[in-house]
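Asker: Here you go, this is work-v1.txt (compact mmCIF, C-alpha atoms).
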# COMPACT_ATOMS: atom_id res chain seq x y z
CA MET A 356 64.93 -83.33 -42.05
CA ARG A 357 63.19 -82.61 -38.76
CA ALA A 358 59.41 -83.03 -38.45
CA GLY A 359 58.96 -81.85 -42.02
CA ILE A 360 60.86 -78.62 -41.45
CA GLY A 361 64.57 -78.90 -42.26
CA VAL A 362 67.02 -76.46 -40.76
CA THR A 363 70.41 -75.87 -42.40
CA GLY A 364 73.04 -73.21 -42.10
CA ASP A 365 76.62 -72.13 -41.64
CA ASP A 366 76.54 -71.86 -37.85
CA ASP A 367 76.11 -75.18 -36.05
CA ALA A 368 75.03 -73.66 -32.77
CA LEU A 369 72.39 -71.50 -34.44
CA VAL A 370 71.13 -74.44 -36.50
CA SER A 371 70.89 -76.63 -33.40
CA TRP A 372 69.05 -73.98 -31.45
CA VAL A 373 66.49 -73.26 -34.18
CA ALA A 374 66.05 -76.97 -34.97
CA ALA A 375 65.41 -77.75 -31.29
CA TRP A 376 62.93 -74.88 -31.06
CA ILE A 377 61.05 -76.18 -34.09
CA ASP A 378 61.21 -79.79 -32.91
CA GLY A 379 59.57 -78.73 -29.68
CA MET A 380 56.50 -77.55 -31.58
CA ARG A 381 55.92 -81.03 -33.00
CA LEU A 382 54.61 -79.72 -36.30
CA ALA A 383 54.55 -82.09 -39.25
CA PRO A 384 53.50 -80.21 -42.39
CA PRO A 385 52.44 -82.33 -45.36
CA VAL A 386 55.24 -81.09 -47.62
CA PRO A 387 58.91 -80.59 -46.71
CA LEU A 388 59.77 -77.06 -45.68
CA GLY A 389 63.17 -75.59 -45.01
CA ILE A 390 64.90 -72.81 -43.15
CA GLU A 391 68.38 -71.84 -44.29
CA LEU A 392 70.14 -69.89 -41.56
CA ARG A 393 72.94 -67.45 -42.21
CA ALA A 394 74.80 -66.00 -39.27
CA VAL A 395 76.01 -62.60 -40.44
CA PRO A 396 77.89 -59.83 -38.60
CA ALA A 397 75.48 -57.22 -39.94
CA LEU A 398 72.69 -57.01 -42.50
CA SER A 399 73.57 -55.65 -45.91
CA GLU A 400 71.46 -52.80 -47.21
CA ASP A 401 67.94 -53.86 -48.19
CA GLU A 402 66.96 -54.01 -51.82
CA VAL A 403 64.50 -51.29 -52.78
CA ASP A 404 61.06 -52.54 -51.85
CA GLU A 405 58.20 -50.13 -52.36
CA ARG A 406 55.49 -52.52 -51.23
CA ALA A 407 53.44 -51.24 -48.32
CA PRO A 408 54.67 -52.83 -45.09
CA PHE A 409 52.35 -54.99 -43.05
CA LEU A 410 53.17 -54.29 -39.43
CA GLN A 411 52.81 -56.68 -36.54
CA PRO A 412 54.29 -56.10 -33.08
CA GLY A 413 58.05 -55.82 -33.60
CA ILE A 414 57.83 -57.10 -37.16
CA GLU A 415 57.63 -55.58 -40.62
CA ILE A 416 56.49 -57.72 -43.54
CA ARG A 417 56.40 -56.94 -47.24
CA SER A 418 54.74 -59.33 -49.63
CA GLY A 419 52.85 -59.67 -52.89
CA PRO A 420 53.54 -58.25 -56.33
CA PRO A 421 55.67 -57.21 -58.08
CA GLN A 422 58.44 -59.20 -56.37
CA GLY A 423 56.13 -62.06 -55.33
CA ASP A 424 58.26 -62.95 -52.33
CA VAL A 425 57.73 -62.35 -48.62
CA ARG A 426 60.26 -60.39 -46.63
CA VAL A 427 60.24 -60.27 -42.87
CA ARG A 428 62.29 -57.83 -40.83
CA TRP A 429 62.64 -57.93 -37.08
CA LEU A 430 62.51 -54.40 -35.70
CA ALA A 431 64.04 -55.12 -32.29
CA ALA A 432 67.47 -56.08 -33.68
CA PRO A 433 68.92 -56.86 -37.12
CA ALA A 434 67.42 -60.06 -38.48
CA ARG A 435 65.49 -60.67 -41.68
CA ALA A 436 64.04 -63.46 -43.75
CA ARG A 437 62.95 -63.95 -47.33
CA ILE A 438 60.65 -66.59 -48.77
CA ALA A 439 60.68 -66.52 -52.55
CA GLY A 440 57.39 -66.70 -54.44
CA GLY A 441 56.17 -70.30 -54.48
CA ALA A 442 59.19 -71.50 -52.48
CA HIS A 443 59.03 -73.94 -49.60
CA ASP A 444 62.06 -72.62 -47.81
CA ALA A 445 63.05 -69.42 -46.06
CA VAL A 446 66.45 -67.80 -46.10
CA VAL A 447 67.10 -66.18 -42.73
CA GLU A 448 69.90 -63.82 -41.79
CA VAL A 449 70.60 -63.32 -38.11
CA THR A 450 73.14 -61.00 -36.49
CA PRO A 451 74.85 -61.36 -33.10
CA ALA A 452 72.78 -58.43 -31.84
CA ALA A 453 69.58 -60.34 -32.64
CA LEU A 454 70.92 -63.50 -31.01
CA ALA A 455 71.74 -61.63 -27.82
CA ASP A 456 68.20 -62.20 -26.60
CA PRO A 457 67.07 -65.53 -28.08
CA GLU A 458 63.60 -65.80 -26.51
CA PRO A 459 62.07 -62.73 -28.17
CA LEU A 460 63.95 -63.59 -31.36
CA ALA A 461 62.17 -66.95 -31.42
CA GLN A 462 58.79 -65.78 -30.10
CA SER A 463 58.56 -62.75 -32.34
CA PHE A 464 60.72 -63.12 -35.45
CA PHE A 465 61.10 -66.87 -36.02
CA SER A 466 57.44 -67.50 -35.16
CA VAL A 467 56.38 -65.17 -37.95
CA VAL A 468 58.82 -66.76 -40.40
CA LEU A 469 57.39 -70.15 -39.51
CA ILE A 470 53.79 -68.97 -39.88
CA LEU A 471 54.53 -67.61 -43.35
CA LEU A 472 56.44 -70.75 -44.33
CA LEU A 473 53.67 -73.07 -43.16
CA ARG A 474 51.23 -71.18 -45.40
CA ARG A 475 53.20 -72.58 -48.31
CA ALA A 476 52.21 -76.05 -47.06
CA GLY A 477 48.53 -75.10 -46.83
CA TRP A 478 48.57 -74.54 -43.07
CA HIS A 479 46.98 -71.22 -42.16
CA HIS A 480 47.49 -69.57 -38.81
CA VAL A 481 44.76 -68.40 -36.47
CA HIS A 482 45.16 -66.93 -32.99
CA ALA A 483 43.31 -69.61 -31.11
CA ALA A 484 43.32 -72.09 -28.27
CA LEU A 485 42.27 -75.66 -29.05
CA ALA A 486 40.62 -78.17 -26.74
CA ARG A 487 38.64 -81.41 -26.65
CA ASP A 488 36.01 -81.72 -23.94
CA PRO A 489 35.27 -84.91 -21.98
CA ARG A 490 32.42 -85.69 -24.40
CA GLY A 491 34.91 -85.74 -27.27
CA ARG A 492 33.75 -82.46 -28.79
CA ASP A 493 36.44 -80.22 -30.26
CA TRP A 494 36.54 -76.51 -29.45
CA LEU A 495 38.43 -73.58 -30.95
CA PHE A 496 38.68 -70.35 -28.92
CA ALA A 497 39.73 -67.46 -31.19
CA GLY A 498 40.78 -64.08 -29.89
CA ASN A 499 43.57 -61.76 -28.95
CA ALA A 500 46.02 -61.92 -26.07
CA GLN A 501 43.59 -60.32 -23.61
CA SER A 502 40.55 -62.44 -24.44
CA GLY A 503 41.11 -65.11 -21.79
CA LYS A 504 42.26 -67.90 -24.10
CA SER A 505 45.27 -68.92 -22.05
CA THR A 506 43.57 -68.87 -18.67
CA THR A 507 40.65 -70.82 -20.10
CA ALA A 508 43.00 -73.35 -21.73
CA ALA A 509 44.79 -73.85 -18.42
CA LEU A 510 41.51 -74.16 -16.54
CA LEU A 511 40.19 -76.74 -19.00
CA ALA A 512 43.42 -78.74 -18.76
CA SER A 513 43.08 -78.71 -14.97
CA TRP A 514 39.63 -80.28 -15.40
CA GLY A 515 41.10 -83.06 -17.51
CA TRP A 516 40.23 -81.72 -20.96
CA ALA A 517 42.71 -82.34 -23.76
CA VAL A 518 44.26 -79.01 -24.70
CA GLY A 519 46.19 -78.38 -27.90
CA CYS A 520 47.52 -74.88 -27.51
CA ASP A 521 46.59 -71.53 -26.04
CA ASP A 522 47.45 -69.19 -28.89
CA ALA A 523 48.91 -70.53 -32.15
CA ALA A 524 46.87 -72.95 -34.24
CA PHE A 525 46.98 -73.82 -37.91
CA LEU A 526 43.90 -74.59 -39.99
CA VAL A 527 44.23 -77.40 -42.49
CA ARG A 528 41.80 -78.97 -44.90
CA SER A 529 41.31 -82.68 -44.33
CA ARG A 530 39.21 -84.89 -46.57
CA ALA A 531 35.81 -83.94 -45.25
CA SER A 532 36.37 -81.12 -42.80
CA ILE A 533 38.63 -78.42 -41.45
CA GLU A 534 41.04 -79.48 -38.76
CA ALA A 535 43.19 -77.36 -36.49
CA VAL A 536 46.76 -78.32 -35.68
CA ALA A 537 48.22 -77.20 -32.38
CA GLN A 538 51.66 -75.74 -32.09
CA ARG A 539 53.02 -77.56 -29.06
CA ALA A 540 53.86 -74.92 -26.49
CA PRO A 541 53.15 -74.50 -22.81
CA VAL A 542 50.17 -72.41 -21.80
CA ALA A 543 51.62 -69.08 -20.74
CA LEU A 544 49.83 -67.41 -17.84
CA ARG A 545 50.15 -63.95 -16.40
CA PRO A 546 50.32 -63.71 -12.59
CA ALA A 547 46.59 -62.87 -12.44
CA GLY A 548 45.65 -65.96 -14.42
CA ARG A 549 47.93 -68.13 -12.33
CA ALA A 550 46.39 -66.75 -9.15
CA LEU A 551 42.85 -67.41 -10.43
CA LEU A 552 43.82 -71.02 -11.05
CA GLY A 553 45.67 -71.32 -7.75
CA LEU A 554 48.77 -72.51 -9.53
CA ALA A 555 52.33 -72.38 -8.30
CA GLY A 556 55.52 -73.18 -10.15
CA GLY A 557 55.63 -73.43 -13.90
CA THR A 558 58.44 -72.38 -16.21
CA ALA A 559 59.37 -68.73 -16.56
CA ALA A 560 58.33 -67.42 -19.98
CA ARG A 561 58.16 -64.13 -21.88
CA GLY A 562 61.10 -62.68 -20.01
CA GLY A 563 59.71 -63.83 -16.66
CA ARG A 564 56.41 -61.99 -17.14
CA LYS A 565 54.50 -65.24 -17.49
CA SER A 566 54.58 -68.75 -16.09
CA ALA A 567 54.20 -71.63 -18.51
CA PHE A 568 52.56 -75.02 -18.01
CA PHE A 569 52.00 -77.89 -20.40
CA PRO A 570 48.48 -79.37 -20.28
CA GLU A 571 49.94 -82.51 -18.69
CA ASP A 572 51.38 -80.39 -15.84
CA LEU A 573 47.83 -79.27 -15.06
CA GLY A 574 46.12 -82.65 -15.15
CA GLY A 575 45.07 -82.65 -18.78
CA THR A 576 46.40 -84.21 -21.94
CA TRP A 577 47.72 -82.77 -25.18
CA ALA A 578 45.50 -82.66 -28.27
CA PRO A 579 47.82 -82.20 -31.24
CA ARG A 580 45.02 -81.97 -33.78
CA VAL A 581 41.29 -81.31 -33.43
CA GLU A 582 38.28 -80.98 -35.70
CA PRO A 583 36.54 -77.90 -34.26
CA ARG A 584 32.77 -78.18 -34.07
CA ILE A 585 32.39 -75.45 -31.47
CA LEU A 586 33.85 -72.06 -32.16
CA VAL A 587 34.12 -69.57 -29.30
CA PHE A 588 35.02 -65.89 -29.34
CA PRO A 589 35.82 -65.28 -25.68
CA ARG A 590 36.11 -62.09 -23.73
CA ILE A 591 36.59 -61.47 -20.04
CA GLU A 592 33.50 -59.68 -18.79
CA GLY A 593 31.10 -59.41 -15.87
CA GLU A 594 30.34 -61.71 -12.97
CA ARG A 595 28.50 -64.52 -14.72
CA THR A 596 29.76 -66.58 -17.61
CA SER A 597 27.37 -66.55 -20.55
CA ALA A 598 27.26 -67.74 -24.15
CA ALA A 599 25.34 -66.29 -27.09
CA PRO A 600 25.16 -67.79 -30.58
CA VAL A 601 26.89 -65.79 -33.31
CA PRO A 602 25.52 -65.65 -36.86
CA ALA A 603 27.84 -67.32 -39.34
CA ARG A 604 28.73 -64.09 -41.14
CA GLU A 605 29.81 -62.44 -37.89
CA ALA A 606 31.76 -65.54 -36.93
CA LEU A 607 33.58 -65.43 -40.23
CA ALA A 608 34.41 -61.75 -39.77
CA GLU A 609 35.79 -62.56 -36.29
CA LEU A 610 37.92 -65.36 -37.71
CA VAL A 611 39.33 -63.00 -40.34
CA ARG A 612 40.13 -60.58 -37.53
CA TRP A 613 42.13 -63.22 -35.66
CA SER A 614 43.91 -64.49 -38.76
CA ALA A 615 45.89 -61.38 -39.61
CA TRP A 616 48.04 -63.16 -42.19
CA VAL A 617 45.04 -63.77 -44.44
CA VAL A 618 45.67 -60.45 -46.21
CA LEU A 619 49.19 -61.40 -47.30
CA GLU A 620 50.18 -62.98 -50.61
CA PRO A 621 47.26 -62.79 -53.07
CA GLU A 622 47.81 -66.35 -54.30
CA LEU A 623 47.33 -67.73 -50.77
CA ALA A 624 44.75 -65.28 -49.45
CA GLN A 625 41.76 -66.96 -51.09
CA GLU A 626 42.85 -70.39 -49.80
CA HIS A 627 43.18 -68.98 -46.29
CA LEU A 628 39.81 -67.20 -46.54
CA ASP A 629 38.14 -70.36 -47.83
CA LEU A 630 39.48 -72.30 -44.83
CA LEU A 631 38.08 -69.73 -42.42
CA THR A 632 34.74 -69.87 -44.22
CA ALA A 633 34.63 -73.66 -44.09
CA LEU A 634 35.45 -73.56 -40.39
CA ALA A 635 32.65 -71.06 -39.68
CA ARG A 636 30.33 -73.32 -41.66
CA GLN A 637 31.24 -76.55 -39.87
CA ALA A 638 31.14 -75.20 -36.31
CA ARG A 639 28.50 -73.82 -34.00
CA CYS A 640 29.70 -70.33 -33.11
CA TYR A 641 29.33 -68.45 -29.82
CA ARG A 642 30.46 -65.31 -28.10
CA VAL A 643 31.31 -66.28 -24.56
CA ALA A 644 31.72 -63.83 -21.69
CA LEU A 645 34.14 -65.42 -19.25
CA ALA A 646 33.54 -64.58 -15.59
CA PRO A 647 34.78 -65.79 -12.19
CA ASP A 648 31.96 -68.35 -11.81
CA LEU A 649 33.60 -70.41 -14.55
CA PHE A 650 36.33 -71.32 -12.09
CA ARG A 651 33.80 -72.73 -9.63
CA ARG A 652 31.64 -74.73 -12.03
CA ARG A 653 33.62 -77.18 -14.08
CA ASP A 654 30.73 -78.17 -16.35
CA LEU A 655 29.52 -74.62 -16.97
CA LEU A 656 30.94 -74.26 -20.48
CA MET A 657 29.45 -77.58 -21.54
CA GLU A 658 26.10 -76.56 -20.02
CA LEU A 659 26.13 -73.23 -21.87
CA VAL A 660 27.09 -74.95 -25.13
CA PRO A 661 25.15 -78.22 -24.94
CA MET B 1067 30.91 -42.22 -71.96
CA THR B 1068 29.56 -45.29 -70.22
CA ARG B 1069 30.44 -45.82 -66.59
CA ARG B 1070 31.06 -49.37 -65.51
CA TYR B 1071 32.01 -50.78 -62.15
CA ARG B 1072 34.00 -53.85 -61.26
CA ARG B 1073 35.51 -55.47 -58.21
CA HIS B 1074 38.95 -54.26 -57.25
CA PRO B 1075 41.44 -56.92 -58.40
CA GLU B 1076 42.76 -57.23 -54.86
CA LEU B 1077 39.35 -58.08 -53.47
CA ARG B 1078 38.77 -61.60 -52.22
CA LEU B 1079 35.26 -62.79 -51.59
CA THR B 1080 33.79 -65.63 -49.63
CA ALA B 1081 30.17 -66.66 -49.16
CA LEU B 1082 28.58 -68.18 -46.12
CA GLU B 1083 24.89 -69.01 -45.80
CA GLY B 1084 24.02 -66.54 -48.52
CA GLU B 1085 25.99 -63.68 -47.00
CA GLY B 1086 29.67 -63.02 -47.16
CA VAL B 1087 32.89 -61.33 -46.26
CA ALA B 1088 34.94 -59.25 -48.68
CA LEU B 1089 38.62 -58.89 -47.96
CA HIS B 1090 40.64 -56.15 -49.62
CA LEU B 1091 44.26 -57.23 -49.76
CA GLY B 1092 45.44 -53.76 -50.74
CA THR B 1093 43.86 -51.81 -47.90
CA ARG B 1094 43.94 -54.88 -45.62
CA ARG B 1095 40.37 -54.21 -44.57
CA TYR B 1096 37.48 -56.61 -44.52
CA TYR B 1097 33.78 -56.02 -44.90
CA THR B 1098 30.77 -58.10 -44.04
CA VAL B 1099 28.39 -58.26 -46.98
CA SER B 1100 24.62 -58.83 -47.05
CA GLU B 1101 22.97 -61.31 -49.37
CA SER B 1102 22.17 -58.68 -52.00
CA GLY B 1103 25.64 -57.14 -51.61
CA LEU B 1104 27.15 -60.54 -52.23
CA ASP B 1105 25.03 -60.91 -55.39
CA LEU B 1106 26.29 -57.57 -56.64
CA LEU B 1107 29.93 -58.32 -55.83
CA GLU B 1108 29.70 -61.67 -57.57
CA ALA B 1109 28.22 -59.98 -60.63
CA LEU B 1110 31.01 -57.41 -60.50
CA ALA B 1111 33.64 -60.00 -61.34
CA THR B 1112 33.18 -58.48 -64.80
CA PRO B 1113 32.47 -54.78 -65.42
CA LYS B 1114 28.82 -53.78 -65.14
CA THR B 1115 26.83 -50.60 -65.59
CA LEU B 1116 24.48 -49.40 -62.88
CA ASP B 1117 21.52 -50.57 -64.97
CA GLU B 1118 23.01 -54.03 -65.34
CA LEU B 1119 23.48 -54.24 -61.58
CA VAL B 1120 19.92 -53.12 -60.96
CA ALA B 1121 18.82 -55.94 -63.27
CA VAL B 1122 20.76 -58.41 -61.10
CA LEU B 1123 18.70 -57.40 -58.08
CA THR B 1124 15.31 -57.22 -59.80
CA ALA B 1125 15.88 -60.67 -61.28
CA ARG B 1126 16.73 -62.13 -57.89
CA TYR B 1127 14.47 -60.27 -55.47
CA GLU B 1128 10.88 -59.09 -55.46
CA VAL B 1129 11.65 -55.39 -55.45
CA THR B 1130 10.61 -52.48 -57.57
CA GLU B 1131 13.12 -51.07 -60.01
CA ALA B 1132 13.17 -47.84 -58.00
CA VAL B 1133 14.13 -49.63 -54.79
CA ALA B 1134 16.72 -51.75 -56.59
CA THR B 1135 18.19 -48.61 -58.17
CA ASP B 1136 18.49 -46.85 -54.82
CA THR B 1137 20.06 -49.93 -53.22
CA THR B 1138 22.49 -50.40 -56.08
CA ARG B 1139 23.46 -46.74 -56.24
CA GLU B 1140 24.16 -46.67 -52.51
CA PHE B 1141 26.16 -49.90 -52.80
CA VAL B 1142 28.39 -48.73 -55.64
CA GLU B 1143 28.95 -45.32 -54.07
CA ARG B 1144 30.10 -46.96 -50.86
CA GLY B 1145 32.10 -49.53 -52.81
CA VAL B 1146 33.96 -46.87 -54.77
CA LYS B 1147 34.58 -44.80 -51.66
CA THR B 1148 36.12 -47.75 -49.79
CA GLY B 1149 38.11 -48.94 -52.80
CA VAL B 1150 36.20 -52.21 -53.02
CA LEU B 1151 35.00 -51.20 -56.51
CA VAL B 1152 36.78 -49.43 -59.32
CA VAL B 1153 35.19 -47.33 -62.02
CA GLU B 1154 35.82 -47.59 -65.73
CA GLU B 1155 34.71 -44.87 -68.12
CA ARG B 1156 34.53 -45.98 -71.77
CA PRO B 1157 32.98 -44.49 -74.89
I'd like the structure from this file rewritten - as structure tokens, please.

Answerer:
Amino acid sequence: MRAGIGVTGDDDALVSWVAAWIDGMRLAPPVPLGIELRAVPALSEDEVDERAPFLQPGIEIRSGPPQGDVRVRWLAAPARARIAGGAHDAVVEVTPAALADPEPLAQSFFSVVLILLLRRAGWHHVHAALARDPRGRDWLFAGNAQSGKSTTAALLASWGWAVGCDDAAFLVRSRASIEAVAQRAPVALRPAGRALLGLAGGTAARGGRKSAFFPEDLGGTWAPRVEPRILVFPRIEGERTSAAPVPAREALAELVRWSAWVVLEPELAQEHLDLLTALARQARCYRVALAPDLFRRRDLLMELVP
Amino acid sequence: MTRRYRRHPELRLTALEGEGVALHLGTRRYYTVSESGLDLLEALATPKTLDELVAVLTARYEVTEAVATDTTREFVERGVKTGVLVVEERP
């Protein structure tokens, strides 16, 4: 077993590749999970499934009754996965055509399979960056790919903050609070973000469209798990960075928006929704407009959110 | 025939500081809900007539029956339209 997520299969190279990819995330779910890989020349015809598809970029998911399972299909090339109702393991079929371009296969298809599998362990995904400021306060920045999460995460790391991740976090219930677990991955910056930070180098990511840096590369540290007490919904806007408190109900609605998977699987939806609610309850919530002055004033965020 | 309303079985509800969010797993839409809306949705875990829902509001808030009736009627009409509520007609 590897970090709580076992990978088995009939193709050693495929198993090694997926296991290494998962190992790199340093996730340790509380119950053992498994991925059974099957390298197949082509996918057999799908069983009839009349459930309405839930579409995410490049991915089609069917879940809920009457079958009770979750089925994931990659739309870019033939690959699919099935997680039976109540199961802790996924059966994944991958074709040579899907393996021809491993990075999108991992970033798109396998990431979704992992997100759905981790739900079975009580870990619920949210699109968020995680950080711990120099005062020891934990922050969660929730938003989409254009909200400024990654650039902010990189900036904070360059100021010595501990940064967990820039996009994929998992909410978990601890004894007395809600914690957020970071999926270990480098912060991926577009050229504009890299230029704003004055960074050179990095590792090519997303087909060369982005450059990736671990927090340690930028002068920060890694925060694998935080207890968010400050919740930020960022957006890139204007010339001056500002922060405005958000009422709890609006914060909860925003969290639902950035936790798309909450609508899947009726038996897990309430648990996921309850986690989001508890997070909105435990944290102070703000909308933050991110502007160029943030790059010049390293304490600005902490001043705006005292 | 008596008309009763109830929450759609695919509705999930969560409360926060007296207000809430309703999530419809079937339509995959979510709705923010006011305090009185949350009271009504919680009551609608079991089928209720319009009069029974009005009684929920008049028992909880200092409002006239006429105001509570208007509020409730508007709420159920919107709820039925969005699929958040379902209607049962029984003799």

Asker: For the contact check between chain A and chain B, emit one row per residue of chain A within 9 Å, containing the shortest atom pair and the distance in Å rounded to one decimal, counting all atoms listed in the file, chain then rising number order, as JSON lines.

Answerer:
{"residue": "A:Ala407", "atom": "CA", "partner": "B:Gly1092", "partner_atom": "CA", "distance": 8.7}
{"residue": "A:Phe409", "atom": "CA", "partner": "B:Arg1094", "partner_atom": "CA", "distance": 8.8}
{"residue": "A:Ala603", "atom": "CA", "partner": "B:Leu1082", "partner_atom": "CA", "distance": 6.9}
{"residue": "A:Arg604", "atom": "CA", "partner": "B:Gly1086", "partner_atom": "CA", "distance": 6.2}
{"residue": "A:Glu605", "atom": "CA", "partner": "B:Thr1098", "partner_atom": "CA", "distance": 7.6}
{"residue": "A:Leu607", "atom": "CA", "partner": "B:Val1087", "partner_atom": "CA", "distance": 7.3}
{"residue": "A:Ala608", "atom": "CA", "partner": "B:Val1087", "partner_atom": "CA", "distance": 6.7}
{"residue": "A:Val611", "atom": "CA", "partner": "B:Tyr1096", "partner_atom": "CA", "distance": 7.9}
{"residue": "A:Arg612", "atom": "CA", "partner": "B:Tyr1096", "partner_atom": "CA", "distance": 8.5}
{"residue": "A:Val617", "atom": "CA", "partner": "B:Leu1091", "partner_atom": "CA", "distance": 8.5}
{"residue": "A:Val618", "atom": "CA", "partner": "B:Leu1091", "partner_atom": "CA", "distance": 5.0}
{"residue": "A:Leu619", "atom": "CA", "partner": "B:Leu1091", "partner_atom": "CA", "distance": 6.9}
{"residue": "A:Glu620", "atom": "CA", "partner": "B:Leu1091", "partner_atom": "CA", "distance": 8.3}
{"residue": "A:Pro621", "atom": "CA", "partner": "B:Leu1091", "partner_atom": "CA", "distance": 7.1}
{"residue": "A:Ala624", "atom": "CA", "partner": "B:Arg1078", "partner_atom": "CA", "distance": 7.5}
{"residue": "A:Gln625", "atom": "CA", "partner": "B:Arg1078", "partner_atom": "CA", "distance": 6.2}
{"residue": "A:Leu628", "atom": "CA", "partner": "B:Thr1080", "partner_atom": "CA", "distance": 6.9}
{"residue": "A:Asp629", "atom": "CA", "partner": "B:Thr1080", "partner_atom": "CA", "distance": 6.7}
{"residue": "A:Thr632", "atom": "CA", "partner": "B:Leu1082", "partner_atom": "CA", "distance": 6.7}
{"residue": "A:Ala633", "atom": "CA", "partner": "B:Leu1082", "partner_atom": "CA", "distance": 8.4}
{"residue": "A:Ala635", "atom": "CA", "partner": "B:Leu1082", "partner_atom": "CA", "distance": 8.1}
{"residue": "A:Arg636", "atom": "CA", "partner": "B:Leu1082", "partner_atom": "CA", "distance": 7.0}

Asker: Which residues are near Trp478 of chain A? Cut-off 6 Å, only C-alpha atoms, ignore same chain within fewer than 4 positions. Put them as a PyMOL selection string.

Answerer: chain A and resi 473-474+525-527

Asker: For a test of reading the model, state the distance in Å between atom CA of Trp613 of chain A and atom CA of Val446 of chain A, rounded to one decimal.

Answerer: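 That distance, rounded to one decimal, is 26.9 Å.
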
Asker: Using all atoms listed in the file, which of the listed residues (B:Ser1102, B:Thr1148, B:Thr1112, B:Phe1141) sits closest to Val1129 of chain B?

Answerer: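 Smallest distance to Val1129 of chain B is found for B:Ser1102.
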
Asker: Contacts of segment 551-559 of chain A at 8 Å or less, counting all atoms listed in the file, minus same-chain residues fewer than 4 places along, as a PDB file with C-alpha atoms, in the frame of the given file?

Answerer:
ATOM      1  CA  THR A 506      43.570 -68.870 -18.670  1.00  0.00           C
ATOM      2  CA  ALA A 509      44.790 -73.850 -18.420  1.00  0.00           C
ATOM      3  CA  LEU A 510      41.510 -74.160 -16.540  1.00  0.00           C
ATOM      4  CA  ALA A 547      46.590 -62.870 -12.440  1.00  0.00           C
ATOM      5  CA  GLY A 563      59.710 -63.830 -16.660  1.00  0.00           C
ATOM      6  CA  ARG A 564      56.410 -61.990 -17.140  1.00  0.00           C
ATOM      7  CA  LYS A 565      54.500 -65.240 -17.490  1.00  0.00           C
ATOM      8  CA  SER A 566      54.580 -68.750 -16.090  1.00  0.00           C
ATOM      9  CA  ALA A 567      54.200 -71.630 -18.510  1.00  0.00           C
ATOM     10  CA  PHE A 568      52.560 -75.020 -18.010  1.00  0.00           C
ATOM     11  CA  PHE A 650      36.330 -71.320 -12.090  1.00  0.00           C
TER      12      PHE A 650
END

Asker: Name the residues in contact with Arg653 of chain A at a cut-off of 10 Å, using only C-alpha atoms, excluding same-chain residues fewer than 5 positions from it; report them as a tab-separated table (two decimals) with C-alpha atoms, in the frame of the given file.

Answerer:
chain	number	residue	atom	x	y	z
A	510	LEU	CA	41.51	-74.16	-16.54
A	511	LEU	CA	40.19	-76.74	-19.00
A	513	SER	CA	43.08	-78.71	-14.97
A	514	TRP	CA	39.63	-80.28	-15.40
A	648	ASP	CA	31.96	-68.35	-11.81
A	658	GLU	CA	26.10	-76.56	-20.02

Asker: At what distance in Å, to one decimal, does atom CA of Val643 of chain A lie from atom CA of Pro589 of chain A?

Answerer: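 Value for the atom CA of Pro589 of chain A-atom CA of Val643 of chain A distance: 4.8 Å.
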
Asker: Please enclose the listed atoms of segment 437-449 of chain A in an axis-aligned box, pad each side by 6 Å, and write out the centre and the three edge lengths in Å, rounded to one decimal, as lines of an AutoDock Vina configuration file.

Answerer:
center_x = 63.4
center_y = -68.6
center_z = -46.3
size_x = 26.4
size_y = 22.6
size_z = 28.4

Asker: Between atom CA of Ala1134 of chain B and atom CA of Lys1114 of chain B, measure the distance and give it in Å to one decimal.

Answerer: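 Computing the Euclidean distance for atom CA of Ala1134 of chain B and atom CA of Lys1114 of chain B yields 15.0 Å.
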
Asker: Can you take the partial segment 592-600 of chain A, add N, CA and C atoms, and return it as an mmCIF file, in the coordinates of the input?

Answerer:
data_model
loop_
_atom_site.group_PDB
_atom_site.id
_atom_site.type_symbol
_atom_site.label_atom_id
_atom_site.label_comp_id
_atom_site.auth_asym_id
_atom_site.auth_seq_id
_atom_site.Cartn_x
_atom_site.Cartn_y
_atom_site.Cartn_z
ATOM 1 N N GLU A 592 34.515 -60.710 -19.029
ATOM 2 C CA GLU A 592 33.500 -59.680 -18.790
ATOM 3 C C GLU A 592 32.519 -60.119 -17.710
ATOM 4 N N GLY A 593 32.206 -59.231 -16.802
ATOM 5 C CA GLY A 593 31.100 -59.410 -15.870
ATOM 6 C C GLY A 593 31.365 -60.431 -14.766
ATOM 7 N N GLU A 594 30.268 -60.809 -14.119
ATOM 8 C CA GLU A 594 30.340 -61.710 -12.970
ATOM 9 C C GLU A 594 29.811 -63.098 -13.273
ATOM 10 N N ARG A 595 29.065 -63.203 -14.377
ATOM 11 C CA ARG A 595 28.500 -64.520 -14.720
ATOM 12 C C ARG A 595 28.888 -64.897 -16.139
ATOM 13 N N THR A 596 29.390 -66.094 -16.282
ATOM 14 C CA THR A 596 29.760 -66.580 -17.610
ATOM 15 C C THR A 596 28.492 -66.805 -18.432
ATOM 16 N N SER A 597 28.534 -66.371 -19.685
ATOM 17 C CA SER A 597 27.370 -66.550 -20.550
ATOM 18 C C SER A 597 27.834 -66.830 -21.976
ATOM 19 N N ALA A 598 26.937 -67.421 -22.747
ATOM 20 C CA ALA A 598 27.260 -67.740 -24.150
ATOM 21 C C ALA A 598 26.083 -67.324 -25.017
ATOM 22 N N ALA A 599 26.392 -66.703 -26.147
ATOM 23 C CA ALA A 599 25.340 -66.290 -27.090
ATOM 24 C C ALA A 599 25.746 -66.736 -28.487
ATOM 25 N N PRO A 600 24.824 -67.365 -29.220
ATOM 26 C CA PRO A 600 25.160 -67.790 -30.580
ATOM 27 C C PRO A 600 25.538 -66.595 -31.454
#
